[in-house]
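First comes the structure, then the notes that go with it.
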Amino acid sequence: MDESIGQVVLLLAVAMIVAIGARQIKLPYTVGLVVVGAALTLSHTDFGPHLTHDLIYDLILPPLLFEAALSIPWRELRRDGPPILALSTLGTAAAAAAVATGMTWLLGWPLASALVYGSLIAATDPVAIIAMFKDNKIHGRMRLLVEAESLMNDGAAAVLFAVTLGWALAGGGEQLGLETLGTLARIVLGGIGVGAACGAAAIVLAGRASEHLVEAALTTIAAFSSFLLAEHLHVSGVLATVTAGLMMGNLGLLSAEDKSYLTRKGREFVVSFWEYAAFVANSVVFLLIGIDVAGAPFESYGPKLIAGAILIGLIGRALTVYPISSAFLRSRWAVTFPEQHILWWGGLRGALGLALALSLPPTLPMRDEIMVATFAVVGFSIVIQGLTMPLLLRRLGFLEEANGGHH
């Protein structure tokens, strides 16, 4: 116990030094963490903890998802609902299908393994993108589109992954038919239901409390209990936490003060508390991603798998963003071409994809290849796409708008 607490403290200390250093040299914080994590592994320094499915699912994802959902207003979600829904549902399925097709055609993977990999890599990671938008002080519709799409598609990808993995482990023989649709509906609706129930219970209790510490503790219980209860019931933990976060944010933090169930001090404290919780979870996960990506056995699988996975991932994302966004061009929900480019290149992969890959059973064919491909895509997207994103934002004129027309 002492040892693991010591390791967490050491990780946090390294992360904070990186945070201060990254600010000084204007490097995106998440990229700095991944690079330093990789450097630690390559220098053979063993930090102890490594990424596991349980660590990501039980400790990292709930605060990240909850904090992101807390600050999204219903009003804006409803206003841009159609493109966000289309991108996160149809888009996730299309991305998974495109990647699976690429892996079978170009790399000769069996269909079942390719589908499992396609569904786990279809989840874009809101964390890295939101961190970068915060760094560049970008607000407004562009940020809402990216954040909301990545929050919803995390849920969609986790659901799709559960279905394809079940099918692959059953031998991939029987057709994906009505039974699959039933499973999908149960996982999605069950997740939303659990999240709504936990959020409502916490709101009722918080309305009776007048102490800001109690109010913050109740939001914490809602964030983690919704996720853990949903996973225990085999429905979507991601959707449960996002639902609880949206409810508690809109009825508490974003509503008029006289209608909020939180006290004024509670509102201020809850916002700061969740920013801090997400910052700590973020810091730990990106440092561990760097440590584990650098330790992945890339040399055993050769450049074909790594380059192929990265290229197919980028093409798969392009095949979803551009056609779906273009369908809305003549409507009031038009997503402009510059916004589409940001959605495509900003589709970073991160914690959720890794969590799903780490949960794969050893009996799945190509399990090791899936792991290596996932680490390669995550490493590339956070470092290369993360570093080049500010350049693209500036090129497309988003940074000038964000900074009031001057640099």
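Quick note on naming: the chains in the structure tokens go A, B, ... in the order shown, residues restart at 1 in each chain, and ligands are numbered from 1 in order of appearance.
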
Note to self: When you look at Ile187 of chain A with a cut-off of 12 Å (counting only C-alpha atoms), what residues show up, excluding the ones that are within fewer than 5 positions of it in the same chain? I need them as number ranges by chain.
What the structure shows: A: 155-163, 180-182, 192-194, 230-240

Taking C-alpha atoms for each residue, export the selection above as an mmCIF file, in the first residue's frame.
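Result file is out-v1.cif:
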data_model
loop_
_atom_site.group_PDB
_atom_site.id
_atom_site.type_symbol
_atom_site.label_atom_id
_atom_site.label_comp_id
_atom_site.auth_asym_id
_atom_site.auth_seq_id
_atom_site.Cartn_x
_atom_site.Cartn_y
_atom_site.Cartn_z
ATOM 1 C CA GLY A 155 -20.226 5.757 -25.431
ATOM 2 C CA ALA A 156 -21.026 4.505 -28.942
ATOM 3 C CA ALA A 157 -17.573 2.931 -29.418
ATOM 4 C CA ALA A 158 -17.672 1.167 -26.032
ATOM 5 C CA VAL A 159 -21.081 -0.300 -26.925
ATOM 6 C CA LEU A 160 -19.942 -1.340 -30.418
ATOM 7 C CA PHE A 161 -16.821 -2.917 -28.910
ATOM 8 C CA ALA A 162 -18.888 -5.013 -26.472
ATOM 9 C CA VAL A 163 -21.038 -6.304 -29.338
ATOM 10 C CA THR A 180 -27.476 -7.588 -31.644
ATOM 11 C CA LEU A 181 -29.855 -4.641 -31.990
ATOM 12 C CA GLY A 182 -31.520 -5.694 -28.744
ATOM 13 C CA ILE A 192 -28.539 6.494 -19.830
ATOM 14 C CA GLY A 193 -31.097 5.222 -17.291
ATOM 15 C CA VAL A 194 -28.485 4.436 -14.623
ATOM 16 C CA ALA A 230 -23.681 0.655 -15.015
ATOM 17 C CA GLU A 231 -20.615 -1.527 -15.641
ATOM 18 C CA HIS A 232 -21.793 -3.946 -12.937
ATOM 19 C CA LEU A 233 -25.169 -4.216 -14.727
ATOM 20 C CA HIS A 234 -23.351 -4.716 -18.094
ATOM 21 C CA VAL A 235 -24.668 -1.467 -19.586
ATOM 22 C CA SER A 236 -22.631 1.542 -20.736
ATOM 23 C CA GLY A 237 -20.646 3.142 -17.906
ATOM 24 C CA VAL A 238 -19.448 5.899 -20.247
ATOM 25 C CA LEU A 239 -23.002 6.942 -21.162
ATOM 26 C CA ALA A 240 -24.092 6.684 -17.501
#

Next item on the list: Apply DSSP to the backbone of this structure and, from segment 286-370 of chain A, keep only the residues in helix (DSSP H, G or I); write these as a ChimeraX atom specification.
Entry: /A:286-295,298-300,302-326,337-345,351-358,367-370

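Closest to Lys304 of chain A among A:Ala68, A:Ala122, A:Glu369, A:Glu179 is A:Glu369, based on only C-alpha atoms.
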
Listing only residues of segment 111-171 of chain A within 10 Å of segment 323-340 of chain A, what is the closest atom pair and its distance in Å (to one decimal) for each, using only C-alpha atoms, sorted by chain and residue number ascending, as JSON lines?
{"residue": "A:Arg141", "atom": "CA", "partner": "A:Glu339", "partner_atom": "CA", "distance": 9.4}
{"residue": "A:Met142", "atom": "CA", "partner": "A:Glu339", "partner_atom": "CA", "distance": 6.6}
{"residue": "A:Arg143", "atom": "CA", "partner": "A:Glu339", "partner_atom": "CA", "distance": 9.8}
{"residue": "A:Leu145", "atom": "CA", "partner": "A:Glu339", "partner_atom": "CA", "distance": 8.9}
{"residue": "A:Val146", "atom": "CA", "partner": "A:Glu339", "partner_atom": "CA", "distance": 9.3}

Given only C-alpha atoms, how would the per-residue table for segment 298-342 of chain A near segment 98-117 of chain A read, listing every residue at most 9 Å away with its closest atom pair and distance in Å to one decimal, sorted by chain and number, as CSV?
residue,atom,partner,partner_atom,distance
A:Lys304,CA,A:Leu107,CA,8.1
A:Leu305,CA,A:Leu107,CA,7.2
A:Gly308,CA,A:Leu107,CA,7.5
A:Ala309,CA,A:Met103,CA,7.5
A:Ile312,CA,A:Val99,CA,5.8
A:Gly313,CA,A:Val99,CA,6.2
A:Ile315,CA,A:Ala98,CA,8.0
A:Gly316,CA,A:Ala98,CA,5.1
A:Arg317,CA,A:Ala98,CA,8.5
A:Leu319,CA,A:Ala98,CA,7.5
A:Thr320,CA,A:Ala98,CA,8.7

Next item on the list: Have a look at A:Leu11, A:Ala223, A:Ile121, A:Leu364 and name the one nearest to Ala94 of chain A; count only C-alpha atoms.
Entry: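 Smallest separation from Ala94 of chain A among the options: A:Ile121.
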
Check: What does the distance from atom CA of Ile384 of chain A to atom CA of His53 of chain A come to in Å, to one decimal?
Finding: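 Atom CA of Ile384 of chain A sits 24.8 Å away from atom CA of His53 of chain A.
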
Next item on the list: Between A:Thr219, A:Thr41, A:Gln385, A:Thr363, single out the one closest to Trp274 of chain A, counting only C-alpha atoms.
Entry: A:Thr219

Near Leu396 of chain A, counting only C-alpha atoms, which residues have an atom at most 9 Å away, once you skip same-chain residues fewer than 2 positions from it, shown as an mmCIF file with C-alpha atoms, in the first residue's frame?
data_model
loop_
_atom_site.group_PDB
_atom_site.id
_atom_site.type_symbol
_atom_site.label_atom_id
_atom_site.label_comp_id
_atom_site.auth_asym_id
_atom_site.auth_seq_id
_atom_site.Cartn_x
_atom_site.Cartn_y
_atom_site.Cartn_z
ATOM 1 C CA PRO A 338 -12.545 24.511 -41.799
ATOM 2 C CA GLU A 339 -14.593 22.982 -38.928
ATOM 3 C CA HIS A 341 -10.751 19.727 -41.015
ATOM 4 C CA ILE A 342 -10.493 20.360 -37.248
ATOM 5 C CA LEU A 391 -0.683 25.231 -36.451
ATOM 6 C CA LEU A 392 -3.833 23.991 -38.195
ATOM 7 C CA LEU A 393 -6.062 26.118 -35.927
ATOM 8 C CA ARG A 394 -3.978 29.180 -36.757
ATOM 9 C CA PHE A 398 -9.609 29.789 -35.385
ATOM 10 C CA LEU A 399 -6.863 31.152 -33.157
#

Check: Residues at most 10 Å from Arg349 of chain A, counting only C-alpha atoms, excluding those fewer than 4 positions away in the same chain, as a list of chain:residue names?
Finding: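 With the cut-off at 10 Å, the set is A:Leu120, A:Ile121, A:Ala122, A:Ala123, A:Thr124, A:Asp125, A:Pro126, A:Val127, A:Ala128, A:Ile129, A:Ser150, A:Gly313, A:Gly353, A:Leu354, A:Thr374, A:Phe375, A:Val377, A:Val378, A:Gly379, A:Phe380, A:Ser381, A:Ile382, A:Gln385.
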
Next item on the list: Determine the nearest neighbour of Gly295 of chain A from the options A:Arg267, A:Leu59, A:Ile5, A:His50, counting only C-alpha atoms.
Entry: A:His50

Next item on the list: Have a look at atom CA of Ser4 of chain A and atom CA of Pro49 of chain A and let me know their distance in Å, one decimal.
Entry: 7.7 Å

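The closest residue to His212 of chain A, picked from A:Leu254, A:Val321, A:Ala185, A:Leu262 and counting only C-alpha atoms, is A:Leu262.
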
Notebook entry, point to check: Which is closest to Ile17 of chain A among A:Leu352, A:Leu287, A:Leu77, A:Leu151, if we use only C-alpha atoms?
Noted result: A:Leu287

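Coordinates place atom CA of Ile310 of chain A at a distance of 20.7 Å from atom CA of Gly37 of chain A.
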